[in-house]
Every structure is written in structure tokens, then in C-alpha cells.
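Only one structure is covered here, and it is reproduced in the block below.
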Amino acid sequence: LYTHNFPLQIVSEIGVPFSLFLLGILLVNRRRLLQTRGGDRSLYISILAMMVVYNLIDIGLYFFSAGIICVIALSQLYRSSRSYVTVKLGFLMIAVVIYGSLAISDSDVAEANIDLNQGRVADARKSFDRSLGFNPFNFSAYLGRAISDPAGLQTDSARNDIQRSLKLFPQYASGLFYHSLIDFRNGYLLSALYHAGAAFHKHRLSKQYRNWYEF
């Protein structure tokens with residue numbers, strides 16, 4: 001996804017809650033913006049203003065050099081005492097670790113899906129396992145691990161992974177579809193029909209879900 005707009009790009013990648021958290025940090029500390037006086041303050045505000053305007057039509061802050069300039073300008077505008085800086089850095093490091101873990105987990109899922117589509121099932125399963133190591137709440141990784149099970153969907157571990165996926169995201173269309181397949185193979189026809197219908201209603205454009213539901 002490339003939105004040509006930095007705020008929208010951030011929201012699309014890290015989600016609305018975490019984006020609001022980052023915005024809240026700036027708003028809570030907005031009074032410290034007034035503590036920088038003189039020509040330096042005008043210089044740093046001008047730098048940030050230019051970057052904000054430019055990043056409304058592109059995602060320039062993703063480049064390392066632009067990001068460093070932005071961090072330097074913000075650090076000069078939001079000056080704080082050493083103890084307060086230590087606290088903020090602690091929260092920032094926690095946020096960085098969480099965001100980094102989520103990003104790596106999603107990257108592993110994307111890599112695993114490519115391996116799965118190209119028939120490298122063993123490599124895909126390793127990537128799904130690695131993804132869950134970074135983010136044990138990644139519902140798509142649980143489903144992918146179930147699909148990549150060498151024994152198919154017949155094993156207890158595969159069924160458990162699909163159930164975990166749906167516990168984390170009950171409206172997950174792919175999870176509902178594969179849950180329906182498992183129910184059908186085990187003779188639970190009413191449950192299979194229910195989950196097939198739920199998958200189809202969540203993703204009506206899917207021909208696969210439609211055919212399975214009508215079958």
C-alpha cells in the first residue's frame with residue numbers, strides 16, 4: 001500500500017490505536033514547544049512545517065536522512081529535563097520494540113505466504129512459526145501454520161491453530177472457511193454450513209467461498 005501521504009501511510013501500517021498513541025505523545029508535550037525561544041525556534045518550526053506539507057503528498061519521512069532531520073528538529077523544540085527525557089525514552093523504547101515485533105511478524109507472514117504459493121511448504125511453516133515468536137497474537141500466522149501442516153487439516157494442532165485464529169479475530173473470513181472444511185470432514189454438517197455461510201457473508205466477492213457455501 002502506497003498512499004502518497006505520510007499520515008495515511010502510518011495509519012495503514014500500524015493501525016489507528018498506535019497512531020493515536022504517537023499523536024497523543026506530541027499533544028501532551030505541546031506546552032514544551034513554547035520553551036524554545038529566539039531564532040532557533042523559528043528555524044526548527046520552519047523545518048517541521050516544510051516536512052509536514054511535503055509529506056502530505058509523499059512519504060519522505062520514510063527516508064533515513066529526512067527522519068533524522070525530523071528527530072533533530074523535534075528534540076530541539078521539545079526540550080525537557082534529564083529525568084523526564086529518561087522516562088520518555090523508556091516509553092519510546094517500549095513502543096519501538098512492540099512496533100518492531102509487529103512489523104517483523106507481518107513480514108514473516110508475507111514471506112511465508114509467498115513460499116506457500118510456490119509450493120515451499122516447509123519453508124512457509126518455519127516462517128509462520130517465526131512470525132508467532134515475534135507476535136503470538138498474529139491470527140493470520142496461526143491460520144497459515146494450520147494450512148501448511150504436512151498432514152493437512154486433519155491433525156489436532158492444525159484444528160487448534162484455526163480455533164486460535166478465530167478467537168483472536170472471530171470475523172476472519174479465511175479462518176471461518178477452513179473451520180468449515182474441518183467440520184465437514186469430521187461430519188459436523190450444521191457447523192460446517194454455519195461457518196461456510198459466515199465466511200461467504202464476510203467476503204461475498206470470493207468465488208471460492210460462494211461455491212463452498214452453495215455446495
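How things are named: the first chain in the C-alpha cells is A, the next is B, and so on; residues count from 1 in each chain; ligands count from 1 in the order shown.
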
Legend entry - Within 9 Å of Phe18 in chain A using only C-alpha atoms, minus same-chain residues under 4 positions, as a list in words: Val11, Ile14, Leu22, Leu23, Ala95 and Tyr99 of chain A

Legend entry - All helix (DSSP H, G or I) positions in range 35-178 of chain A, as a ChimeraX atom specification: /A:35,38-54,60-62,64-77,82-117,121-134,139-147,152-154,156-168,173-178

Inset, instruction - Would you list the contacts of range 166-178 of chain A as a ChimeraX atom specification, taking every protein, DNA or RNA residue within 8 Å and counting only C-alpha atoms, but skipping same-chain residues closer than 5 positions in sequence? - result: /A:137-139,143,195-196,198-200,202-203,209

Legend entry - Phe184 in chain A surroundings by only C-alpha atoms, 12 Å radius, close-in-sequence under 3 positions cut, as number ranges by chain: A: 153-154, 177-181, 187-196, 212-213, 215

Can you spit out the residues from that selection as a compact mmCIF listing (two decimals), in the first residue's frame, using N, CA and C atoms?
```txt
# COMPACT_ATOMS: atom_id res chain seq x y z
N LEU A 153 -5.30 -30.67 7.23
CA LEU A 153 -6.12 -30.12 8.30
C LEU A 153 -6.66 -31.20 9.23
N GLN A 154 -6.10 -32.39 9.14
CA GLN A 154 -6.62 -33.50 9.93
C GLN A 154 -6.03 -33.56 11.34
N PHE A 177 -13.68 -20.11 6.75
CA PHE A 177 -13.73 -21.05 5.62
C PHE A 177 -13.04 -22.37 5.96
N TYR A 178 -11.83 -22.28 6.50
CA TYR A 178 -11.10 -23.52 6.82
C TYR A 178 -11.71 -24.24 8.01
N HIS A 179 -12.33 -23.49 8.91
CA HIS A 179 -13.05 -24.15 10.01
C HIS A 179 -14.21 -24.96 9.46
N SER A 180 -14.87 -24.43 8.42
CA SER A 180 -15.97 -25.14 7.78
C SER A 180 -15.47 -26.43 7.12
N LEU A 181 -14.30 -26.37 6.50
CA LEU A 181 -13.74 -27.58 5.87
C LEU A 181 -13.47 -28.67 6.91
N GLY A 187 -17.75 -34.57 9.85
CA GLY A 187 -19.16 -34.92 9.89
C GLY A 187 -20.06 -33.94 10.62
N TYR A 188 -19.52 -32.77 11.01
CA TYR A 188 -20.34 -31.76 11.69
C TYR A 188 -20.95 -30.84 10.63
N LEU A 189 -22.01 -31.33 9.99
CA LEU A 189 -22.53 -30.66 8.80
C LEU A 189 -23.17 -29.31 9.11
N LEU A 190 -23.91 -29.22 10.20
CA LEU A 190 -24.55 -27.95 10.54
C LEU A 190 -23.51 -26.89 10.87
N SER A 191 -22.49 -27.28 11.62
CA SER A 191 -21.42 -26.35 11.94
C SER A 191 -20.65 -25.95 10.68
N ALA A 192 -20.45 -26.90 9.79
CA ALA A 192 -19.76 -26.61 8.53
C ALA A 192 -20.56 -25.61 7.70
N LEU A 193 -21.88 -25.80 7.65
CA LEU A 193 -22.73 -24.89 6.91
C LEU A 193 -22.72 -23.49 7.52
N TYR A 194 -22.75 -23.44 8.85
CA TYR A 194 -22.73 -22.14 9.54
C TYR A 194 -21.45 -21.36 9.23
N HIS A 195 -20.30 -22.03 9.35
CA HIS A 195 -19.04 -21.34 9.12
C HIS A 195 -18.83 -21.01 7.65
N ALA A 196 -19.33 -21.86 6.77
CA ALA A 196 -19.25 -21.56 5.34
C ALA A 196 -20.06 -20.32 5.01
N TRP A 212 -18.28 -23.03 -2.11
CA TRP A 212 -18.29 -23.94 -0.96
C TRP A 212 -19.59 -23.82 -0.18
N TYR A 213 -20.09 -22.59 -0.02
CA TYR A 213 -21.32 -22.38 0.72
C TYR A 213 -22.51 -22.98 -0.04
N PHE A 215 -22.35 -25.39 -2.12
CA PHE A 215 -22.18 -26.84 -2.25
C PHE A 215 -22.92 -27.56 -1.12
```

Inset, instruction - Quick one: pull the distance between CA of Leu48 in chain A and CA of Cys70 in chain A, Å, one decimal. - result: 6.7 Å

Inset, instruction - Have a look at CA of Glu13 in chain A and CA of Ile104 in chain A and let me know their distance in Å, one decimal. - result: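 Separating CA of Glu13 in chain A from CA of Ile104 in chain A is a distance of 12.2 Å.
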